[in-house]
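Student: Dropping a structure here in structure tokens format, bear with me for questions.
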Amino acid sequence: MKIIVVFNMRGGIGKTTLAVTLAEGLAQFGGAKVLIADADPQRSASHRLCPLATVNECGLPGSGRNISKYLSDAIVKNSLPDPTNYISERCGTIHAHGRVDILMGAHDTLDADRHFAGRCMTDGDKTIFSKLGRAFENLSKNADYDVLIIDSPPGLTTIVQGALGVADLLLVPMAAQSTSELLYGSTQKQIQKHLQATGATVPPSLVVATMYEASNGSFLDRVRVYFKSPLKIKKQKSLAEHELFSSEDGVTVKEKYGPAERELKEVSLAVLSRLGLAAQKPKSPGKSKRGSVNVGKGSRSSASAAARAH
Ligand SMILES: Nc1ncnc2c1ncn2[C@@H]1O[C@H](COP(=O)(O)OP(=O)(O)OP(=O)(O)O)[C@@H](O)[C@H]1O
Ligand SMILES: [Mg+2]
């Protein structure tokens with residue numbers, strides 16, 4: 001399983017929108033089996049992928065099918081629990097080739113985070129962050145996910161720091177705001193400082209210009225030049241919050257996101273490539289190469305095989 005952390009210190013710039021649409025893009029265009037972990041107490045990713053009743057039910061203390069319960073059990077009991085007791089399956093509406101499951105967000109994630117931060121004093125920074133990292137890696141156990149996408153809250157929390165220590169890719173949505181690049185520069189330094197102090201490797205990063213409008217042309221040029229990334233997601237109504245959830249089964253990215261389909265496909269394929277999963281069209285059914293992911297009419301097993309091969 002490859003781990004992506006979608007992170008930017010700044011709030012409201014499209015982190016969650018990128019995380020959930022990428023999950024669906026990877027499932028549809030890469031045939032991938034994707035798990036989203038909603039690390040934000042606002043629970044935006046959970047609300048975008050699941051009906052309100054399901055999100056609320058998972059947040060109930062008796063249910064415990066959520067991220068704060070999972071991580072707390074992993075850290076407090078100091079053992080790695082079976083993730084299937086915490087994960088909600090098939091929450092995305094696309095079921096073409098891959099699938100999207102979710103480790104639901106919870107209101108008390110901030111309390112759990114404060115608890116973990118407090119344990120840095122007793123257990124030591126290195127220990128608590130590596131325990132959090134191992135808990136994220138454990139999420140694939142019994143389920144064989146190709147990709148785990150962690151949706152971060154704004155600000156660098158203890159949970160996100162733990163996830164960054166085991167991330168294969170730091171995906172950074174960046175909106176065309178006056179101080180975006182400057183803020184990201186200082187964020188990068190903080191991430192580096194923390195990860196080096198805990199002995200973890202700094203993951204490679206990929207910037208995506210989000211909520212991009214035609215008038216932001218010079219911003220897109222800077223993203224291309226400074227961050228070596230041509231990736232963008234346009235600002236468009238089909239990606240606005242209220243339209244994302246659909247209870248219909250079998251809806252495709254195109255039906256759901258309309259004009260955003262092409263950009264989502266580009267972002268999804270670029271991410272697969274950065275993760276070391278080469279994308280190629282299947283020559284004929286059952287003949288796709290090991291180490292590649294089908295584009296379009298692919299099968300889920302090929303993505304799983306590719307993920308395992310790396
Ligand atoms: N490409 C887009 N086109 C149109 N609207 C968008 C786009 N991306 C995000 N939005 C809207 O902008 C708002 C903020 O987006 P989102 O929730 O993804 O940001 P965020 O960075 O996750 O916020 P937070 O920091 O609160 O978690 C939402 O209402 C969302 O629907
Ligand atoms: Mg968000």
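Residues are referred to by chain and number: the chain letter is A, B, ... according to the order shown in the structure tokens, the number counts from 1 in that chain, and ligands are numbered separately from 1 in the order shown.
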Using only C-alpha atoms, which protein or nucleic acid residues come within 12 Å of A:Glu181? Drop anything in the same chain fewer than 4 positions from it, and give the result as a PyMOL selection string.

Tutor: chain A and resi 8-10+172-177+185-188+207+209+219-220+222-223+225-227

Student: Do you know which residues are within 10 Å of ligand 1 using only C-alpha atoms and all ligand atoms? Can you write them as a PyMOL selection string?

Tutor: chain A and resi 6-21+39-45+48+151-155+173-175+209-213+232-244+260

Student: Name the residues of stretch 11-82 of chain A that come out as alpha helix (DSSP H) in a backbone DSSP run; write them as a JSON list (two decimals) with C-alpha atoms, in the first residue's frame.

Tutor:
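What follows is the written file selection_27.json:
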[["chain", "number", "residue", "atom", "x", "y", "z"],
["A", 15, "LYS", "CA", -7.49, 19.72, 0.39],
["A", 16, "THR", "CA", -10.60, 17.65, 0.99],
["A", 17, "THR", "CA", -11.97, 18.20, -2.52],
["A", 18, "LEU", "CA", -8.66, 16.99, -3.97],
["A", 19, "ALA", "CA", -8.49, 14.02, -1.56],
["A", 20, "VAL", "CA", -11.98, 12.67, -2.31],
["A", 21, "THR", "CA", -11.94, 13.34, -6.05],
["A", 22, "LEU", "CA", -8.47, 11.80, -6.35],
["A", 23, "ALA", "CA", -9.73, 8.72, -4.50],
["A", 24, "GLU", "CA", -12.51, 8.34, -7.01],
["A", 25, "GLY", "CA", -10.15, 9.13, -9.91],
["A", 26, "LEU", "CA", -7.66, 6.46, -8.80],
["A", 27, "ALA", "CA", -10.50, 3.96, -8.48],
["A", 28, "GLN", "CA", -12.00, 4.77, -11.85],
["A", 29, "PHE", "CA", -8.90, 5.44, -13.98],
["A", 30, "GLY", "CA", -6.42, 3.17, -12.21],
["A", 44, "SER", "CA", -15.51, 17.04, 5.50],
["A", 45, "ALA", "CA", -14.24, 14.00, 3.57],
["A", 46, "SER", "CA", -16.65, 11.73, 5.46],
["A", 47, "HIS", "CA", -19.57, 14.04, 4.66],
["A", 48, "ARG", "CA", -18.59, 14.25, 1.02],
["A", 49, "LEU", "CA", -18.43, 10.50, 0.55],
["A", 52, "LEU", "CA", -25.19, 12.04, 6.97],
["A", 53, "ALA", "CA", -26.76, 9.15, 8.90],
["A", 54, "THR", "CA", -23.71, 6.94, 8.25],
["A", 55, "VAL", "CA", -21.26, 9.68, 9.26],
["A", 56, "ASN", "CA", -23.18, 10.34, 12.47],
["A", 57, "GLU", "CA", -23.61, 6.67, 13.28],
["A", 58, "CYS", "CA", -19.88, 6.04, 12.93],
["A", 59, "GLY", "CA", -19.16, 8.98, 15.19],
["A", 67, "ILE", "CA", -10.14, 7.36, 13.04],
["A", 68, "SER", "CA", -9.80, 8.63, 16.60],
["A", 69, "LYS", "CA", -11.02, 5.32, 18.04],
["A", 70, "TYR", "CA", -8.72, 3.37, 15.73],
["A", 71, "LEU", "CA", -5.61, 5.43, 16.50],
["A", 72, "SER", "CA", -6.39, 5.61, 20.22],
["A", 73, "ASP", "CA", -6.77, 1.82, 20.37],
["A", 74, "ALA", "CA", -3.51, 1.41, 18.47],
["A", 75, "ILE", "CA", -1.58, 3.83, 20.70],
["A", 76, "VAL", "CA", -3.15, 3.27, 24.12]]

Student: What's the separation between atom CA of A:Ser130 and atom CA of A:Gln161, in Å to one decimal place?

Tutor: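 Between atom CA of A:Ser130 and atom CA of A:Gln161 the gap works out to 9.7 Å.
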
Student: Determine, counting only C-alpha atoms, which protein, DNA and RNA residues have an atom within 6 Å of an atom of A:Asp101; residues of the same chain fewer than 4 positions away are not included. Present the result as a VMD selection string.

Tutor: chain A and resid 35 88 to 91
